[in-house]
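Take a look at the structure below.
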Amino acid sequence: MRIDVLGVGFDNVTMEEAVARGVELIHQEGSHYVVTPNPEIVEVCRENLAAKIAVNGADLVLPDGIGVIKGAAMLGTPLKEKTPGIEFAGHLMERMAGEGLSLYLLGAKPGVAEKAAENLRAQYPGLVIAGTHDGYFKEDGPVVEDIRQSGADVVFVCLGAPKQELWMEKNGPATGAHLLCGLGGSLDVFAGVVERAPKFWSDHGLEWLYRLCKEPKRIGRMMKLPLFLVHVKQEKRK
Ligand code: UDP
């Protein structure tokens, strides 16, 4: 059973359980997808029904950060722990490397996915990178075909939210991949283009503040954070 946080149902799993489930999905028939919503995406889902359907339709819905964990606790239905998408991806790649499974990287600006591929090959020996494509394409068809041709087991879809969730819902089955993961700006981090917050900041639930200092233009998006907490409080009163 999922835990509802303002209309988005989260799987109540530890990181270890999430990764085990991810590996299971890779070996299951058919196409599956994982989403990792943060408070900003929960707020988007409140206003955008198509996004909400795509997010809740995922096979695994993981709380990306401390905001959702706090929200769930305030609502009296705590979640076990935060399971950031980028860390989930790291554990999954370790497991994939061990089994010689293949990965396709989709998203980010031209050149970034290739650079990420180079770094990930070095970091996870045994991991097969089946292909890459930037995230600024006009038509889905050729990209879907390229993934299908690559024979990738897994696709990291990094187009930002809610674009990536809608993309996976619509195109997942046609790619032939068994698992697609929506991972926002992760390719920028894997490529070394963007730095992830040092451990101190994320341990103290301040990853958002670190990102804001690095990229002040995110302020508009980040205003969704306090709004999320206001909505959680309103929900609690009901
Ligand atoms: N992006 C993309 N295609 C688009 C819009 C965005 O590939 O049409 C990429 C963008 O270059 C970035 C990622 O999607 O690499 C979104 O990053 P953001 O920091 O917004 O995601 P978050 O991690 O905050 O969800």
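Labels used: A, B, ... for chains in the order of the structure tokens, numbers from 1 for residues in each chain, and numbers from 1 for ligands as shown.
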
Within 7 Å of range 37-41 of chain A, counting only C-alpha atoms, which residues show up once you throw out same-chain ones fewer than 4 positions away? Write them as number ranges by chain, please. A: 45, 62-65, 67-68, 161, 224-225, 228

Taking only C-alpha atoms and all ligand atoms into account, produce a table as JSON lines in which each residue of chain A with an atom at most 9 Å from an atom of ligand 1 appears once, together with its shortest atom pair and the distance in Å to one decimal, ordered by chain and rising number.
```
{"residue": "A:Thr36", "atom": "CA", "partner": "ligand 1", "partner_atom_place_in_ligand_line": "25 (O)", "distance": 8.7}
{"residue": "A:Pro37", "atom": "CA", "partner": "ligand 1", "partner_atom_place_in_ligand_line": "25 (O)", "distance": 8.2}
{"residue": "A:Asn38", "atom": "CA", "partner": "ligand 1", "partner_atom_place_in_ligand_line": "25 (O)", "distance": 8.0}
{"residue": "A:Glu40", "atom": "CA", "partner": "ligand 1", "partner_atom_place_in_ligand_line": "24 (O)", "distance": 8.6}
{"residue": "A:Ile41", "atom": "CA", "partner": "ligand 1", "partner_atom_place_in_ligand_line": "25 (O)", "distance": 8.2}
{"residue": "A:Gly85", "atom": "CA", "partner": "ligand 1", "partner_atom_place_in_ligand_line": "23 (O)", "distance": 8.7}
{"residue": "A:Ile86", "atom": "CA", "partner": "ligand 1", "partner_atom_place_in_ligand_line": "23 (O)", "distance": 8.8}
{"residue": "A:Leu106", "atom": "CA", "partner": "ligand 1", "partner_atom_place_in_ligand_line": "7 (O)", "distance": 7.4}
{"residue": "A:Gly107", "atom": "CA", "partner": "ligand 1", "partner_atom_place_in_ligand_line": "7 (O)", "distance": 3.8}
{"residue": "A:Ala108", "atom": "CA", "partner": "ligand 1", "partner_atom_place_in_ligand_line": "11 (O)", "distance": 3.5}
{"residue": "A:Lys109", "atom": "CA", "partner": "ligand 1", "partner_atom_place_in_ligand_line": "11 (O)", "distance": 4.9}
{"residue": "A:Pro110", "atom": "CA", "partner": "ligand 1", "partner_atom_place_in_ligand_line": "7 (O)", "distance": 8.6}
{"residue": "A:Val112", "atom": "CA", "partner": "ligand 1", "partner_atom_place_in_ligand_line": "15 (O)", "distance": 8.2}
{"residue": "A:Asp134", "atom": "CA", "partner": "ligand 1", "partner_atom_place_in_ligand_line": "7 (O)", "distance": 6.1}
{"residue": "A:Gly135", "atom": "CA", "partner": "ligand 1", "partner_atom_place_in_ligand_line": "7 (O)", "distance": 3.2}
{"residue": "A:Tyr136", "atom": "CA", "partner": "ligand 1", "partner_atom_place_in_ligand_line": "3 (N)", "distance": 4.9}
{"residue": "A:Phe137", "atom": "CA", "partner": "ligand 1", "partner_atom_place_in_ligand_line": "8 (O)", "distance": 7.7}
{"residue": "A:Val157", "atom": "CA", "partner": "ligand 1", "partner_atom_place_in_ligand_line": "7 (O)", "distance": 8.4}
{"residue": "A:Cys158", "atom": "CA", "partner": "ligand 1", "partner_atom_place_in_ligand_line": "14 (O)", "distance": 5.0}
{"residue": "A:Leu159", "atom": "CA", "partner": "ligand 1", "partner_atom_place_in_ligand_line": "14 (O)", "distance": 3.6}
{"residue": "A:Gly160", "atom": "CA", "partner": "ligand 1", "partner_atom_place_in_ligand_line": "16 (C)", "distance": 3.7}
{"residue": "A:Ala161", "atom": "CA", "partner": "ligand 1", "partner_atom_place_in_ligand_line": "25 (O)", "distance": 5.8}
{"residue": "A:Pro162", "atom": "CA", "partner": "ligand 1", "partner_atom_place_in_ligand_line": "25 (O)", "distance": 8.7}
{"residue": "A:Lys163", "atom": "CA", "partner": "ligand 1", "partner_atom_place_in_ligand_line": "8 (O)", "distance": 7.3}
{"residue": "A:Gln164", "atom": "CA", "partner": "ligand 1", "partner_atom_place_in_ligand_line": "14 (O)", "distance": 8.2}
{"residue": "A:Gly182", "atom": "CA", "partner": "ligand 1", "partner_atom_place_in_ligand_line": "25 (O)", "distance": 8.7}
{"residue": "A:Leu183", "atom": "CA", "partner": "ligand 1", "partner_atom_place_in_ligand_line": "23 (O)", "distance": 6.6}
{"residue": "A:Gly184", "atom": "CA", "partner": "ligand 1", "partner_atom_place_in_ligand_line": "25 (O)", "distance": 3.7}
{"residue": "A:Gly185", "atom": "CA", "partner": "ligand 1", "partner_atom_place_in_ligand_line": "17 (O)", "distance": 3.5}
{"residue": "A:Ser186", "atom": "CA", "partner": "ligand 1", "partner_atom_place_in_ligand_line": "23 (O)", "distance": 6.3}
{"residue": "A:Leu187", "atom": "CA", "partner": "ligand 1", "partner_atom_place_in_ligand_line": "15 (O)", "distance": 6.2}
{"residue": "A:Asp188", "atom": "CA", "partner": "ligand 1", "partner_atom_place_in_ligand_line": "15 (O)", "distance": 5.4}
{"residue": "A:Val189", "atom": "CA", "partner": "ligand 1", "partner_atom_place_in_ligand_line": "15 (O)", "distance": 8.6}
{"residue": "A:Arg218", "atom": "CA", "partner": "ligand 1", "partner_atom_place_in_ligand_line": "20 (O)", "distance": 8.8}
{"residue": "A:Arg221", "atom": "CA", "partner": "ligand 1", "partner_atom_place_in_ligand_line": "24 (O)", "distance": 9.0}
```

Notebook entry, point to check: Per DSSP on the backbone, what are the helix (DSSP H, G or I) residues of range 69-224 of chain A, as a count of residues only?
Noted result: 83

Do you have, as JSON lines, the list of residues of range 16-57 of chain A lying at most 9 Å from range 90-104 of chain A, each with its nearest atom pair and that distance in Å to one decimal, counting only C-alpha atoms and ordered by chain then number?
```
{"residue": "A:Glu16", "atom": "CA", "partner": "A:His91", "partner_atom": "CA", "distance": 8.6}
{"residue": "A:Val19", "atom": "CA", "partner": "A:Leu92", "partner_atom": "CA", "distance": 6.0}
{"residue": "A:Ala20", "atom": "CA", "partner": "A:Leu92", "partner_atom": "CA", "distance": 8.5}
{"residue": "A:Gly22", "atom": "CA", "partner": "A:Leu92", "partner_atom": "CA", "distance": 7.2}
{"residue": "A:Val23", "atom": "CA", "partner": "A:Leu92", "partner_atom": "CA", "distance": 7.2}
```

Serialized selection, N, CA and C atoms, as a PDB file, in the first residue's frame:
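Result written to again-v4.pdb:
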```pdb
ATOM      1  N   GLU A  16      17.457   0.054   0.216  1.00  0.00           N
ATOM      2  CA  GLU A  16      17.788  -1.332  -0.132  1.00  0.00           C
ATOM      3  C   GLU A  16      16.590  -2.035  -0.784  1.00  0.00           C
ATOM      4  N   VAL A  19      15.971  -0.657  -4.344  1.00  0.00           N
ATOM      5  CA  VAL A  19      16.908  -1.179  -5.345  1.00  0.00           C
ATOM      6  C   VAL A  19      16.546  -2.632  -5.686  1.00  0.00           C
ATOM      7  N   ALA A  20      16.208  -3.412  -4.659  1.00  0.00           N
ATOM      8  CA  ALA A  20      15.827  -4.809  -4.896  1.00  0.00           C
ATOM      9  C   ALA A  20      14.602  -4.862  -5.818  1.00  0.00           C
ATOM     10  N   GLY A  22      13.715  -2.535  -7.952  1.00  0.00           N
ATOM     11  CA  GLY A  22      14.162  -2.079  -9.270  1.00  0.00           C
ATOM     12  C   GLY A  22      14.765  -3.232 -10.066  1.00  0.00           C
ATOM     13  N   VAL A  23      15.627  -4.005  -9.406  1.00  0.00           N
ATOM     14  CA  VAL A  23      16.278  -5.140 -10.084  1.00  0.00           C
ATOM     15  C   VAL A  23      15.219  -6.163 -10.506  1.00  0.00           C
TER      16      VAL A  23
END
```

**Asked** Quick one: residues within 12 Å of Gln234 in chain A, only C-alpha atoms counted, chain neighbours fewer than 4 positions away excluded, as a PyMOL selection string?
**Response** chain A and resi 6+71+74-75+227-230+238

Problem - Test item, strand (DSSP E) assignment across range 75-231 of chain A, answer as a list in words - result: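 Taking range 75-231 of chain A and keeping strand (DSSP E) only, one gets Ser102, Leu103, Tyr104, Leu105, Leu106, Gly107, Val128, Ile129, Ala130, Gly131, Thr132, His133, Val154, Val155, Phe156, Val157, Cys158, Leu179, Leu180, Cys181 and Gly182 of chain A.
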
Margin query: Rounded to one decimal, what separation in Å do you get between CA of Ala117 in chain A and CA of Arg148 in chain A?
Written below: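 Pair CA of Ala117 in chain A / CA of Arg148 in chain A returns 18.1 Å.
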
Residue with the minimum atom-to-atom distance to Met168 in chain A, picked from A:His231, A:His32, A:Lys138, A:His133 with only C-alpha atoms counted, is A:His32

If you count only C-alpha atoms, the residue of A:Leu25, A:Leu79, A:Val154, A:Val8 closest to Val61 in chain A turns out to be A:Val8

Find the spatial neighbours of Asp11 in chain A, counting only C-alpha atoms, within a cut-off of 12 Å - ignore same-chain residues fewer than 3 positions away - and output them as a ChimeraX atom specification. /A:1-5,8,14-15,17-18,21,34-37,55-56,58-64,68-69,72,77-83
